[in-house]
Amino acid sequence: MDDRVQVTITDGVADVRLVRADKMNALDAAMFDALVATATRLAAEKGLRAVVLSGEGRAFCAGLDMGRFAAMKEKGGNGIAGAEARDLTVRTHGIANFPQMAVWGWRQIPVPVIAAVHGVAFGGGFQLALGADMRFLSADARMSIMEIKWGLVPDMAGTPILASLVRDDILRELTYTGRIFSAQEALGYGLATRICDDPRTAAFEVAREIAAKSPEAIRAAKRLLNKLSVDAAPALLAESVEQQKLIGSRNQQEAVRANIDKRAPQFVDP
């Protein structure tokens with residue numbers, strides 16, 4: 001796990017870093033495993049007060065690993081090891097499936113999580129940032145709900161979180177187009193908490209401030225605020241049902257092939 005995610009805890013504040021810097025912290029099977037394992041571990045960590053989640057190198061997280069998309073080009077599958085045989089509608093972690101837990105798990109950690117985002121947060125990487133309670137962005141950060149580029153829909157717990165953050169028409173436009181948007185736009189949309197010169201430093205300042213507060217009150221506040229969100233269970237299942245139908249379909253594979261081949265896709269009407 002240490003070659004994907006590294007954790008250091010100091011005075012109750014967990015420093016969680018994605019360390020696959022050579023691949024812009026892209027989500028391969030090992031990264032999914034590490035994210036789920038880390039979130040599960042921290043959910044049970046005694047004395048934990050706050051978490052800062054960041055990425056090493058040039059980016060927070062570039063999304064699903066390109067090697068998995070290359071595999072899709074030939075045989076379908078959603079880019080996660082063993083996914084070709086996995087039924088995404090099966091709930092493996094409470095109300096979530098395994099890929100969703102890589103994001104939803106951070107919502108289940110009983111203390112606040114702050115994502116420090118720089119570079120890019122695309123597709124699954126953007127959804128990972130959504131799993132945090134707050135998102136601090138560098139001024140040059142870029143984001144995208146990029147799944148449509150690959151003939152897919154967001155299916156890592158992003159939709160129920162987005163529904164509580166973004167105006168409906170903005171969410172639809174970003175989902176339908178997959179366009180890349182700036183940190184300033186993210187702030188205006190409600191997807192960024194603040195823009196910082198140094199998001200990681202700012203995140204630790206707030207994390208230490210939170211760590212100095214009553215731990216019972218902070219945990220109670222997170223439980224209370226989690227209950228204000230949309231009903232997550234049917235939303236998470238709906239993500240999986242829709243994605244299950246798309247994965248490996250003719251048009252989804254054509255989207256992947258076209259992107260990899262750098263040509264315009266030739267879709268057929270359903």
# chains A, B, ... in the order shown; residues from 1 in each chain; ligands from 1

call {"tool": "residues_around", "arguments": {"residues": "segment 173-189 of chain A", "least_positions_apart": "4", "cutoff": "10 Å", "atoms": "only C-alpha atoms", "output": "VMD selection string"}}
result
chain A and resid 117 to 123 135 to 150 153 to 154 159 165 to 169 193 to 196

call {"tool": "write_last_selection", "arguments": {"atoms": "N, CA, C and O atoms", "output": "short mmCIF file (atom, residue, chain, number, x, y, z; two decimals), in the first residue's frame"}}
result
data_model
loop_
_atom_site.label_atom_id
_atom_site.label_comp_id
_atom_site.auth_asym_id
_atom_site.auth_seq_id
_atom_site.Cartn_x
_atom_site.Cartn_y
_atom_site.Cartn_z
N VAL A 117 -5.94 20.19 -3.36
CA VAL A 117 -5.95 19.82 -4.78
C VAL A 117 -5.08 20.78 -5.59
O VAL A 117 -5.29 22.00 -5.54
N HIS A 118 -4.14 20.20 -6.33
CA HIS A 118 -3.33 20.98 -7.27
C HIS A 118 -3.25 20.23 -8.58
O HIS A 118 -3.61 19.04 -8.66
N GLY A 119 -2.80 20.90 -9.62
CA GLY A 119 -2.71 20.22 -10.91
C GLY A 119 -4.09 19.87 -11.42
O GLY A 119 -4.92 20.76 -11.62
N VAL A 120 -4.35 18.58 -11.62
CA VAL A 120 -5.65 18.16 -12.14
C VAL A 120 -6.34 17.19 -11.18
O VAL A 120 -5.69 16.46 -10.44
N ALA A 121 -7.66 17.23 -11.23
CA ALA A 121 -8.51 16.24 -10.57
C ALA A 121 -9.59 15.90 -11.59
O ALA A 121 -10.59 16.60 -11.70
N PHE A 122 -9.34 14.86 -12.37
CA PHE A 122 -10.21 14.50 -13.48
C PHE A 122 -10.93 13.18 -13.19
O PHE A 122 -10.35 12.25 -12.63
N GLY A 123 -12.19 13.08 -13.62
CA GLY A 123 -12.92 11.82 -13.54
C GLY A 123 -12.94 11.27 -12.12
O GLY A 123 -13.44 11.90 -11.19
N ARG A 135 -12.59 21.21 0.06
CA ARG A 135 -11.63 21.13 -1.02
C ARG A 135 -10.90 22.46 -1.15
O ARG A 135 -11.52 23.48 -1.49
N PHE A 136 -9.60 22.47 -0.88
CA PHE A 136 -8.76 23.64 -1.04
C PHE A 136 -7.98 23.47 -2.35
O PHE A 136 -7.25 22.49 -2.51
N LEU A 137 -8.12 24.42 -3.27
CA LEU A 137 -7.54 24.30 -4.60
C LEU A 137 -6.44 25.33 -4.83
O LEU A 137 -6.54 26.47 -4.35
N SER A 138 -5.43 24.92 -5.58
CA SER A 138 -4.46 25.89 -6.07
C SER A 138 -5.11 26.69 -7.20
O SER A 138 -6.07 26.24 -7.84
N ALA A 139 -4.60 27.88 -7.47
CA ALA A 139 -5.21 28.75 -8.48
C ALA A 139 -5.17 28.15 -9.87
O ALA A 139 -6.04 28.44 -10.70
N ASP A 140 -4.18 27.29 -10.13
CA ASP A 140 -4.07 26.69 -11.46
C ASP A 140 -4.67 25.30 -11.54
O ASP A 140 -4.51 24.60 -12.56
N ALA A 141 -5.38 24.86 -10.51
CA ALA A 141 -5.99 23.53 -10.53
C ALA A 141 -7.09 23.47 -11.59
O ALA A 141 -7.77 24.46 -11.89
N ARG A 142 -7.26 22.28 -12.16
CA ARG A 142 -8.31 22.05 -13.16
C ARG A 142 -9.07 20.78 -12.80
O ARG A 142 -8.48 19.83 -12.31
N MET A 143 -10.37 20.80 -13.07
CA MET A 143 -11.23 19.68 -12.71
C MET A 143 -12.11 19.30 -13.89
O MET A 143 -12.33 20.10 -14.80
N SER A 144 -12.63 18.08 -13.85
CA SER A 144 -13.57 17.65 -14.88
C SER A 144 -14.34 16.43 -14.41
O SER A 144 -13.77 15.52 -13.81
N ILE A 145 -15.65 16.43 -14.71
CA ILE A 145 -16.45 15.21 -14.63
C ILE A 145 -16.25 14.52 -15.98
O ILE A 145 -17.05 14.66 -16.90
N MET A 146 -15.17 13.79 -16.12
CA MET A 146 -14.65 13.39 -17.42
C MET A 146 -15.18 12.05 -17.92
O MET A 146 -14.84 11.61 -19.02
N GLU A 147 -16.03 11.39 -17.16
CA GLU A 147 -16.45 10.03 -17.53
C GLU A 147 -17.09 9.96 -18.90
O GLU A 147 -16.95 8.96 -19.62
N ILE A 148 -17.82 11.01 -19.31
CA ILE A 148 -18.52 10.97 -20.60
C ILE A 148 -17.53 10.80 -21.76
O ILE A 148 -17.88 10.23 -22.81
N LYS A 149 -16.31 11.28 -21.58
CA LYS A 149 -15.28 11.13 -22.63
C LYS A 149 -15.05 9.67 -22.97
O LYS A 149 -14.72 9.33 -24.11
N TRP A 150 -15.24 8.80 -21.99
CA TRP A 150 -14.98 7.37 -22.16
C TRP A 150 -16.27 6.56 -22.29
O TRP A 150 -16.26 5.33 -22.15
N VAL A 153 -20.51 7.00 -17.03
CA VAL A 153 -21.08 7.98 -16.11
C VAL A 153 -20.28 7.95 -14.81
O VAL A 153 -19.61 6.96 -14.51
N PRO A 154 -20.33 9.03 -14.02
CA PRO A 154 -19.67 8.99 -12.71
C PRO A 154 -20.26 7.87 -11.86
O PRO A 154 -21.48 7.80 -11.70
N THR A 159 -22.18 11.29 -7.71
CA THR A 159 -23.46 11.93 -8.00
C THR A 159 -24.24 12.36 -6.75
O THR A 159 -24.74 13.47 -6.72
N LEU A 165 -24.09 19.88 -3.75
CA LEU A 165 -23.13 20.98 -3.89
C LEU A 165 -23.45 21.94 -5.02
O LEU A 165 -23.23 23.16 -4.89
N VAL A 166 -23.93 21.42 -6.15
CA VAL A 166 -23.96 22.18 -7.39
C VAL A 166 -25.39 22.39 -7.87
O VAL A 166 -26.23 21.49 -7.76
N ARG A 167 -25.65 23.56 -8.43
CA ARG A 167 -26.93 23.84 -9.05
C ARG A 167 -27.20 22.81 -10.14
O ARG A 167 -26.29 22.40 -10.87
N ASP A 168 -28.46 22.40 -10.26
CA ASP A 168 -28.81 21.28 -11.13
C ASP A 168 -28.36 21.47 -12.57
O ASP A 168 -27.79 20.56 -13.18
N ASP A 169 -28.60 22.65 -13.15
CA ASP A 169 -28.26 22.83 -14.56
C ASP A 169 -26.75 22.86 -14.79
O ASP A 169 -26.26 22.37 -15.81
N THR A 193 -13.86 24.90 -1.74
CA THR A 193 -14.09 25.64 -0.51
C THR A 193 -13.35 26.97 -0.54
O THR A 193 -13.88 28.01 -0.15
N ARG A 194 -12.11 26.92 -1.01
CA ARG A 194 -11.30 28.13 -1.17
C ARG A 194 -10.18 27.88 -2.16
O ARG A 194 -9.83 26.72 -2.43
N ILE A 195 -9.63 28.95 -2.70
CA ILE A 195 -8.45 28.88 -3.56
C ILE A 195 -7.27 29.42 -2.76
O ILE A 195 -7.37 30.49 -2.14
N CYS A 196 -6.16 28.67 -2.78
CA CYS A 196 -5.02 28.99 -1.92
C CYS A 196 -3.73 29.00 -2.73
O CYS A 196 -3.59 28.26 -3.71
#

call {"tool": "select_by_dssp", "arguments": {"residues": "segment 9-140 of chain A", "states": "helix (DSSP H, G or I)", "output": "PDB file with N, CA, C and O atoms, in the first residue's frame"}}
result
ATOM      1  N   ALA A  21       3.377   9.441  -8.112  1.00  0.00           N
ATOM      2  CA  ALA A  21       3.608  10.711  -8.789  1.00  0.00           C
ATOM      3  C   ALA A  21       3.966  10.548 -10.255  1.00  0.00           C
ATOM      4  O   ALA A  21       3.621  11.403 -11.085  1.00  0.00           O
ATOM      5  N   ASP A  22       4.651   9.463 -10.608  1.00  0.00           N
ATOM      6  CA  ASP A  22       5.072   9.271 -12.004  1.00  0.00           C
ATOM      7  C   ASP A  22       3.889   9.071 -12.937  1.00  0.00           C
ATOM      8  O   ASP A  22       4.004   9.271 -14.148  1.00  0.00           O
ATOM      9  N   LYS A  23       2.725   8.705 -12.381  1.00  0.00           N
ATOM     10  CA  LYS A  23       1.506   8.504 -13.172  1.00  0.00           C
ATOM     11  C   LYS A  23       0.433   9.514 -12.779  1.00  0.00           C
ATOM     12  O   LYS A  23      -0.755   9.290 -12.997  1.00  0.00           O
ATOM     13  N   ALA A  29      -5.559  -0.567 -10.056  1.00  0.00           N
ATOM     14  CA  ALA A  29      -6.130  -1.483  -9.071  1.00  0.00           C
ATOM     15  C   ALA A  29      -5.480  -1.308  -7.704  1.00  0.00           C
ATOM     16  O   ALA A  29      -6.165  -1.312  -6.671  1.00  0.00           O
ATOM     17  N   ALA A  30      -4.150  -1.145  -7.688  1.00  0.00           N
ATOM     18  CA  ALA A  30      -3.452  -0.991  -6.409  1.00  0.00           C
ATOM     19  C   ALA A  30      -3.844   0.299  -5.712  1.00  0.00           C
ATOM     20  O   ALA A  30      -3.928   0.351  -4.468  1.00  0.00           O
ATOM     21  N   MET A  31      -4.104   1.372  -6.483  1.00  0.00           N
ATOM     22  CA  MET A  31      -4.518   2.635  -5.871  1.00  0.00           C
ATOM     23  C   MET A  31      -5.913   2.505  -5.264  1.00  0.00           C
ATOM     24  O   MET A  31      -6.176   3.010  -4.164  1.00  0.00           O
ATOM     25  N   PHE A  32      -6.816   1.828  -5.971  1.00  0.00           N
ATOM     26  CA  PHE A  32      -8.143   1.586  -5.396  1.00  0.00           C
ATOM     27  C   PHE A  32      -8.024   0.819  -4.080  1.00  0.00           C
ATOM     28  O   PHE A  32      -8.651   1.174  -3.073  1.00  0.00           O
ATOM     29  N   ASP A  33      -7.232  -0.240  -4.090  1.00  0.00           N
ATOM     30  CA  ASP A  33      -7.045  -1.030  -2.868  1.00  0.00           C
ATOM     31  C   ASP A  33      -6.517  -0.163  -1.732  1.00  0.00           C
ATOM     32  O   ASP A  33      -6.979  -0.257  -0.589  1.00  0.00           O
ATOM     33  N   ALA A  34      -5.520   0.672  -2.050  1.00  0.00           N
ATOM     34  CA  ALA A  34      -4.888   1.495  -1.021  1.00  0.00           C
ATOM     35  C   ALA A  34      -5.840   2.544  -0.476  1.00  0.00           C
ATOM     36  O   ALA A  34      -5.862   2.814   0.734  1.00  0.00           O
ATOM     37  N   LEU A  35      -6.635   3.150  -1.340  1.00  0.00           N
ATOM     38  CA  LEU A  35      -7.587   4.167  -0.883  1.00  0.00           C
ATOM     39  C   LEU A  35      -8.646   3.563   0.033  1.00  0.00           C
ATOM     40  O   LEU A  35      -8.969   4.128   1.094  1.00  0.00           O
ATOM     41  N   VAL A  36      -9.186   2.416  -0.360  1.00  0.00           N
ATOM     42  CA  VAL A  36     -10.202   1.772   0.469  1.00  0.00           C
ATOM     43  C   VAL A  36      -9.596   1.334   1.798  1.00  0.00           C
ATOM     44  O   VAL A  36     -10.187   1.548   2.877  1.00  0.00           O
ATOM     45  N   ALA A  37      -8.412   0.735   1.758  1.00  0.00           N
ATOM     46  CA  ALA A  37      -7.760   0.281   2.985  1.00  0.00           C
ATOM     47  C   ALA A  37      -7.430   1.449   3.908  1.00  0.00           C
ATOM     48  O   ALA A  37      -7.603   1.356   5.136  1.00  0.00           O
ATOM     49  N   THR A  38      -6.979   2.558   3.340  1.00  0.00           N
ATOM     50  CA  THR A  38      -6.628   3.711   4.154  1.00  0.00           C
ATOM     51  C   THR A  38      -7.854   4.335   4.803  1.00  0.00           C
ATOM     52  O   THR A  38      -7.846   4.658   5.998  1.00  0.00           O
ATOM     53  N   ALA A  39      -8.909   4.511   4.024  1.00  0.00           N
ATOM     54  CA  ALA A  39     -10.131   5.073   4.594  1.00  0.00           C
ATOM     55  C   ALA A  39     -10.693   4.174   5.690  1.00  0.00           C
ATOM     56  O   ALA A  39     -11.157   4.652   6.734  1.00  0.00           O
ATOM     57  N   THR A  40     -10.644   2.866   5.470  1.00  0.00           N
ATOM     58  CA  THR A  40     -11.138   1.915   6.472  1.00  0.00           C
ATOM     59  C   THR A  40     -10.305   1.991   7.747  1.00  0.00           C
ATOM     60  O   THR A  40     -10.846   1.988   8.856  1.00  0.00           O
ATOM     61  N   ARG A  41      -8.988   2.055   7.579  1.00  0.00           N
ATOM     62  CA  ARG A  41      -8.103   2.156   8.736  1.00  0.00           C
ATOM     63  C   ARG A  41      -8.367   3.440   9.523  1.00  0.00           C
ATOM     64  O   ARG A  41      -8.501   3.417  10.759  1.00  0.00           O
ATOM     65  N   LEU A  42      -8.467   4.569   8.821  1.00  0.00           N
ATOM     66  CA  LEU A  42      -8.627   5.846   9.517  1.00  0.00           C
ATOM     67  C   LEU A  42      -9.993   5.964  10.195  1.00  0.00           C
ATOM     68  O   LEU A  42     -10.132   6.644  11.211  1.00  0.00           O
ATOM     69  N   ALA A  43     -10.995   5.290   9.634  1.00  0.00           N
ATOM     70  CA  ALA A  43     -12.323   5.319  10.258  1.00  0.00           C
ATOM     71  C   ALA A  43     -12.296   4.720  11.659  1.00  0.00           C
ATOM     72  O   ALA A  43     -13.123   5.070  12.515  1.00  0.00           O
ATOM     73  N   MET A  66      -4.616   5.076 -17.492  1.00  0.00           N
ATOM     74  CA  MET A  66      -4.767   4.886 -18.935  1.00  0.00           C
ATOM     75  C   MET A  66      -4.576   3.435 -19.357  1.00  0.00           C
ATOM     76  O   MET A  66      -5.148   2.991 -20.358  1.00  0.00           O
ATOM     77  N   GLY A  67      -3.783   2.691 -18.597  1.00  0.00           N
ATOM     78  CA  GLY A  67      -3.602   1.284 -18.912  1.00  0.00           C
ATOM     79  C   GLY A  67      -4.896   0.505 -18.822  1.00  0.00           C
ATOM     80  O   GLY A  67      -5.126  -0.444 -19.585  1.00  0.00           O
ATOM     81  N   ARG A  68      -5.764   0.898 -17.914  1.00  0.00           N
ATOM     82  CA  ARG A  68      -7.055   0.216 -17.794  1.00  0.00           C
ATOM     83  C   ARG A  68      -7.968   0.573 -18.959  1.00  0.00           C
ATOM     84  O   ARG A  68      -8.740  -0.245 -19.442  1.00  0.00           O
ATOM     85  N   PHE A  69      -7.880   1.840 -19.426  1.00  0.00           N
ATOM     86  CA  PHE A  69      -8.662   2.204 -20.608  1.00  0.00           C
ATOM     87  C   PHE A  69      -8.164   1.446 -21.837  1.00  0.00           C
ATOM     88  O   PHE A  69      -8.953   1.049 -22.698  1.00  0.00           O
ATOM     89  N   ALA A  70      -6.844   1.259 -21.927  1.00  0.00           N
ATOM     90  CA  ALA A  70      -6.296   0.491 -23.043  1.00  0.00           C
ATOM     91  C   ALA A  70      -6.851  -0.934 -23.033  1.00  0.00           C
ATOM     92  O   ALA A  70      -7.157  -1.510 -24.086  1.00  0.00           O
ATOM     93  N   ALA A  71      -7.005  -1.520 -21.829  1.00  0.00           N
ATOM     94  CA  ALA A  71      -7.588  -2.862 -21.730  1.00  0.00           C
ATOM     95  C   ALA A  71      -9.040  -2.848 -22.169  1.00  0.00           C
ATOM     96  O   ALA A  71      -9.530  -3.786 -22.815  1.00  0.00           O
ATOM     97  N   MET A  72      -9.774  -1.770 -21.831  1.00  0.00           N
ATOM     98  CA  MET A  72     -11.167  -1.654 -22.256  1.00  0.00           C
ATOM     99  C   MET A  72     -11.291  -1.656 -23.770  1.00  0.00           C
ATOM    100  O   MET A  72     -12.273  -2.143 -24.331  1.00  0.00           O
ATOM    101  N   LYS A  73     -10.313  -1.048 -24.429  1.00  0.00           N
ATOM    102  CA  LYS A  73     -10.356  -0.943 -25.888  1.00  0.00           C
ATOM    103  C   LYS A  73     -10.518  -2.303 -26.542  1.00  0.00           C
ATOM    104  O   LYS A  73     -11.171  -2.445 -27.575  1.00  0.00           O
ATOM    105  N   GLU A  74      -9.950  -3.315 -25.886  1.00  0.00           N
ATOM    106  CA  GLU A  74      -9.957  -4.655 -26.470  1.00  0.00           C
ATOM    107  C   GLU A  74     -11.087  -5.535 -25.967  1.00  0.00           C
ATOM    108  O   GLU A  74     -11.656  -6.306 -26.706  1.00  0.00           O
ATOM    109  N   LYS A  75     -11.426  -5.378 -24.655  1.00  0.00           N
ATOM    110  CA  LYS A  75     -12.346  -6.378 -24.097  1.00  0.00           C
ATOM    111  C   LYS A  75     -13.369  -5.834 -23.126  1.00  0.00           C
ATOM    112  O   LYS A  75     -14.069  -6.595 -22.463  1.00  0.00           O
ATOM    113  N   ALA A  83     -12.645  -6.444 -12.667  1.00  0.00           N
ATOM    114  CA  ALA A  83     -13.929  -5.782 -12.864  1.00  0.00           C
ATOM    115  C   ALA A  83     -14.756  -6.428 -13.959  1.00  0.00           C
ATOM    116  O   ALA A  83     -15.980  -6.311 -13.963  1.00  0.00           O
ATOM    117  N   GLU A  84     -14.083  -7.088 -14.903  1.00  0.00           N
ATOM    118  CA  GLU A  84     -14.834  -7.695 -15.990  1.00  0.00           C
ATOM    119  C   GLU A  84     -15.873  -8.683 -15.464  1.00  0.00           C
ATOM    120  O   GLU A  84     -16.906  -8.898 -16.074  1.00  0.00           O
ATOM    121  N   ALA A  85     -15.603  -9.299 -14.328  1.00  0.00           N
ATOM    122  CA  ALA A  85     -16.509 -10.289 -13.765  1.00  0.00           C
ATOM    123  C   ALA A  85     -17.292  -9.751 -12.567  1.00  0.00           C
ATOM    124  O   ALA A  85     -18.042 -10.486 -11.945  1.00  0.00           O
ATOM    125  N   PHE A  98     -17.258  -1.639  -4.152  1.00  0.00           N
ATOM    126  CA  PHE A  98     -15.836  -1.413  -3.873  1.00  0.00           C
ATOM    127  C   PHE A  98     -15.295  -0.125  -4.497  1.00  0.00           C
ATOM    128  O   PHE A  98     -14.672   0.686  -3.803  1.00  0.00           O
ATOM    129  N   PRO A  99     -15.508   0.130  -5.799  1.00  0.00           N
ATOM    130  CA  PRO A  99     -14.993   1.389  -6.357  1.00  0.00           C
ATOM    131  C   PRO A  99     -15.580   2.623  -5.680  1.00  0.00           C
ATOM    132  O   PRO A  99     -14.878   3.615  -5.469  1.00  0.00           O
ATOM    133  N   GLN A 100     -16.858   2.575  -5.336  1.00  0.00           N
ATOM    134  CA  GLN A 100     -17.467   3.704  -4.643  1.00  0.00           C
ATOM    135  C   GLN A 100     -16.837   3.937  -3.280  1.00  0.00           C
ATOM    136  O   GLN A 100     -16.703   5.082  -2.822  1.00  0.00           O
ATOM    137  N   MET A 101     -16.416   2.866  -2.635  1.00  0.00           N
ATOM    138  CA  MET A 101     -15.831   2.996  -1.301  1.00  0.00           C
ATOM    139  C   MET A 101     -14.530   3.784  -1.327  1.00  0.00           C
ATOM    140  O   MET A 101     -14.154   4.376  -0.316  1.00  0.00           O
ATOM    141  N   ALA A 102     -13.840   3.816  -2.469  1.00  0.00           N
ATOM    142  CA  ALA A 102     -12.614   4.604  -2.579  1.00  0.00           C
ATOM    143  C   ALA A 102     -12.891   6.088  -2.396  1.00  0.00           C
ATOM    144  O   ALA A 102     -11.995   6.861  -2.036  1.00  0.00           O
ATOM    145  N   VAL A 103     -14.128   6.505  -2.634  1.00  0.00           N
ATOM    146  CA  VAL A 103     -14.558   7.887  -2.413  1.00  0.00           C
ATOM    147  C   VAL A 103     -15.455   7.996  -1.182  1.00  0.00           C
ATOM    148  O   VAL A 103     -15.234   8.812  -0.297  1.00  0.00           O
ATOM    149  N   TRP A 104     -16.469   7.137  -1.127  1.00  0.00           N
ATOM    150  CA  TRP A 104     -17.451   7.201  -0.042  1.00  0.00           C
ATOM    151  C   TRP A 104     -16.798   6.929   1.317  1.00  0.00           C
ATOM    152  O   TRP A 104     -17.263   7.431   2.348  1.00  0.00           O
ATOM    153  N   GLY A 105     -15.719   6.167   1.309  1.00  0.00           N
ATOM    154  CA  GLY A 105     -15.040   5.866   2.563  1.00  0.00           C
ATOM    155  C   GLY A 105     -14.566   7.095   3.309  1.00  0.00           C
ATOM    156  O   GLY A 105     -14.546   7.119   4.548  1.00  0.00           O
ATOM    157  N   TRP A 106     -14.207   8.156   2.581  1.00  0.00           N
ATOM    158  CA  TRP A 106     -13.740   9.382   3.237  1.00  0.00           C
ATOM    159  C   TRP A 106     -14.895  10.107   3.896  1.00  0.00           C
ATOM    160  O   TRP A 106     -14.713  10.789   4.908  1.00  0.00           O
ATOM    161  N   ARG A 107     -16.092   9.960   3.346  1.00  0.00           N
ATOM    162  CA  ARG A 107     -17.278  10.520   3.995  1.00  0.00           C
ATOM    163  C   ARG A 107     -17.608   9.770   5.286  1.00  0.00           C
ATOM    164  O   ARG A 107     -18.231  10.321   6.195  1.00  0.00           O
ATOM    165  N   GLN A 108     -17.212   8.509   5.345  1.00  0.00           N
ATOM    166  CA  GLN A 108     -17.510   7.688   6.513  1.00  0.00           C
ATOM    167  C   GLN A 108     -16.479   7.830   7.626  1.00  0.00           C
ATOM    168  O   GLN A 108     -16.716   7.370   8.748  1.00  0.00           O
ATOM    169  N   GLY A 124     -12.393  10.049 -11.967  1.00  0.00           N
ATOM    170  CA  GLY A 124     -12.338   9.437 -10.648  1.00  0.00           C
ATOM    171  C   GLY A 124     -11.528  10.266  -9.658  1.00  0.00           C
ATOM    172  O   GLY A 124     -11.813  10.248  -8.455  1.00  0.00           O
ATOM    173  N   GLY A 125     -10.534  10.999 -10.135  1.00  0.00           N
ATOM    174  CA  GLY A 125      -9.762  11.873  -9.255  1.00  0.00           C
ATOM    175  C   GLY A 125     -10.589  13.029  -8.737  1.00  0.00           C
ATOM    176  O   GLY A 125     -10.461  13.447  -7.584  1.00  0.00           O
ATOM    177  N   PHE A 126     -11.470  13.561  -9.588  1.00  0.00           N
ATOM    178  CA  PHE A 126     -12.400  14.599  -9.153  1.00  0.00           C
ATOM    179  C   PHE A 126     -13.365  14.039  -8.114  1.00  0.00           C
ATOM    180  O   PHE A 126     -13.629  14.670  -7.081  1.00  0.00           O
ATOM    181  N   GLN A 127     -13.882  12.830  -8.363  1.00  0.00           N
ATOM    182  CA  GLN A 127     -14.786  12.229  -7.384  1.00  0.00           C
ATOM    183  C   GLN A 127     -14.080  11.973  -6.055  1.00  0.00           C
ATOM    184  O   GLN A 127     -14.682  12.110  -4.991  1.00  0.00           O
ATOM    185  N   LEU A 128     -12.793  11.608  -6.122  1.00  0.00           N
ATOM    186  CA  LEU A 128     -12.036  11.412  -4.887  1.00  0.00           C
ATOM    187  C   LEU A 128     -12.009  12.693  -4.062  1.00  0.00           C
ATOM    188  O   LEU A 128     -12.207  12.665  -2.844  1.00  0.00           O
ATOM    189  N   ALA A 129     -11.783  13.823  -4.711  1.00  0.00           N
ATOM    190  CA  ALA A 129     -11.793  15.101  -4.001  1.00  0.00           C
ATOM    191  C   ALA A 129     -13.163  15.384  -3.390  1.00  0.00           C
ATOM    192  O   ALA A 129     -13.272  15.970  -2.306  1.00  0.00           O
ATOM    193  N   LEU A 130     -14.228  14.945  -4.068  1.00  0.00           N
ATOM    194  CA  LEU A 130     -15.582  15.141  -3.548  1.00  0.00           C
ATOM    195  C   LEU A 130     -15.816  14.386  -2.249  1.00  0.00           C
ATOM    196  O   LEU A 130     -16.677  14.764  -1.452  1.00  0.00           O
TER     197      LEU A 130
END

call {"tool": "closest_residue", "arguments": {"among": "A:Ile218, A:Val19, A:Leu237, A:Leu27", "to": "Thr92 of chain A", "atoms": "only C-alpha atoms"}}
result
A:Leu237

call {"tool": "atom_distance", "arguments": {"atom1": "atom CA of Gly12 of chain A", "atom2": "atom CA of Ala203 of chain A"}}
result
14.2 Å

call {"tool": "atom_distance", "arguments": {"atom1": "atom CA of Phe267 of chain A", "atom2": "atom CA of Ile247 of chain A"}}
result
14.8 Å

call {"tool": "closest_residue", "arguments": {"among": "A:Pro160, A:Pro112, A:Gly151, A:Pro265", "to": "Asp133 of chain A", "atoms": "only C-alpha atoms"}}
result
A:Pro112

call {"tool": "closest_residue", "arguments": {"among": "A:Ala14, A:Ala238, A:Leu246, A:Ala211", "to": "Ala157 of chain A", "atoms": "only C-alpha atoms"}}
result
A:Ala238

call {"tool": "closest_residue", "arguments": {"among": "A:Ala232, A:Ile114, A:Leu48, A:Phe60", "to": "Thr8 of chain A", "atoms": "only C-alpha atoms"}}
result
A:Leu48

call {"tool": "atom_distance", "arguments": {"atom1": "atom CA of Val241 of chain A", "atom2": "atom CA of Ser229 of chain A"}}
result
21.0 Å

call {"tool": "select_by_dssp", "arguments": {"residues": "segment 143-223 of chain A", "states": "strand (DSSP E or B)", "output": "list in words"}}
result
Met143, Ser144, Phe181, Ser182, Arg194, Ile195 and Cys196 of chain A

call {"tool": "write_last_selection", "arguments": {"atoms": "all heavy atoms", "output": "short mmCIF file (atom, residue, chain, number, x, y, z; two decimals), in the first residue's frame"}}
result
data_model
loop_
_atom_site.label_atom_id
_atom_site.label_comp_id
_atom_site.auth_asym_id
_atom_site.auth_seq_id
_atom_site.Cartn_x
_atom_site.Cartn_y
_atom_site.Cartn_z
N MET A 143 -10.37 20.80 -13.07
CA MET A 143 -11.23 19.68 -12.71
C MET A 143 -12.11 19.30 -13.89
O MET A 143 -12.33 20.10 -14.80
CB MET A 143 -12.11 20.04 -11.51
CG MET A 143 -11.36 20.23 -10.21
SD MET A 143 -12.48 20.71 -8.86
CE MET A 143 -11.57 20.04 -7.46
N SER A 144 -12.63 18.08 -13.85
CA SER A 144 -13.57 17.65 -14.88
C SER A 144 -14.34 16.43 -14.41
O SER A 144 -13.77 15.52 -13.81
CB SER A 144 -12.84 17.31 -16.18
OG SER A 144 -13.73 16.72 -17.13
N PHE A 181 -12.80 22.51 -16.19
CA PHE A 181 -13.08 23.84 -15.64
C PHE A 181 -12.00 24.24 -14.63
O PHE A 181 -11.30 23.40 -14.08
CB PHE A 181 -14.48 23.91 -15.03
CG PHE A 181 -14.81 22.86 -14.02
CD1 PHE A 181 -14.64 23.09 -12.66
CD2 PHE A 181 -15.30 21.62 -14.42
CE1 PHE A 181 -14.96 22.12 -11.72
CE2 PHE A 181 -15.62 20.64 -13.49
CZ PHE A 181 -15.44 20.90 -12.13
N SER A 182 -11.89 25.53 -14.42
CA SER A 182 -10.81 26.10 -13.62
C SER A 182 -11.14 26.11 -12.14
O SER A 182 -12.29 25.89 -11.73
CB SER A 182 -10.54 27.54 -14.08
OG SER A 182 -11.66 28.38 -13.74
N ARG A 194 -12.11 26.92 -1.01
CA ARG A 194 -11.30 28.13 -1.17
C ARG A 194 -10.18 27.88 -2.16
O ARG A 194 -9.83 26.72 -2.43
CB ARG A 194 -10.74 28.61 0.17
CG ARG A 194 -9.79 27.62 0.83
CD ARG A 194 -9.15 28.20 2.09
NE ARG A 194 -10.06 28.26 3.22
CZ ARG A 194 -9.66 28.49 4.48
NH1 ARG A 194 -8.37 28.71 4.74
NH2 ARG A 194 -10.53 28.52 5.47
N ILE A 195 -9.63 28.95 -2.70
CA ILE A 195 -8.45 28.88 -3.56
C ILE A 195 -7.27 29.42 -2.76
O ILE A 195 -7.37 30.49 -2.14
CB ILE A 195 -8.66 29.69 -4.85
CG1 ILE A 195 -9.83 29.10 -5.65
CG2 ILE A 195 -7.39 29.72 -5.70
CD1 ILE A 195 -10.21 29.90 -6.88
N CYS A 196 -6.16 28.67 -2.78
CA CYS A 196 -5.02 28.99 -1.92
C CYS A 196 -3.73 29.00 -2.73
O CYS A 196 -3.59 28.26 -3.71
CB CYS A 196 -4.87 27.95 -0.80
SG CYS A 196 -6.39 27.47 0.01
#
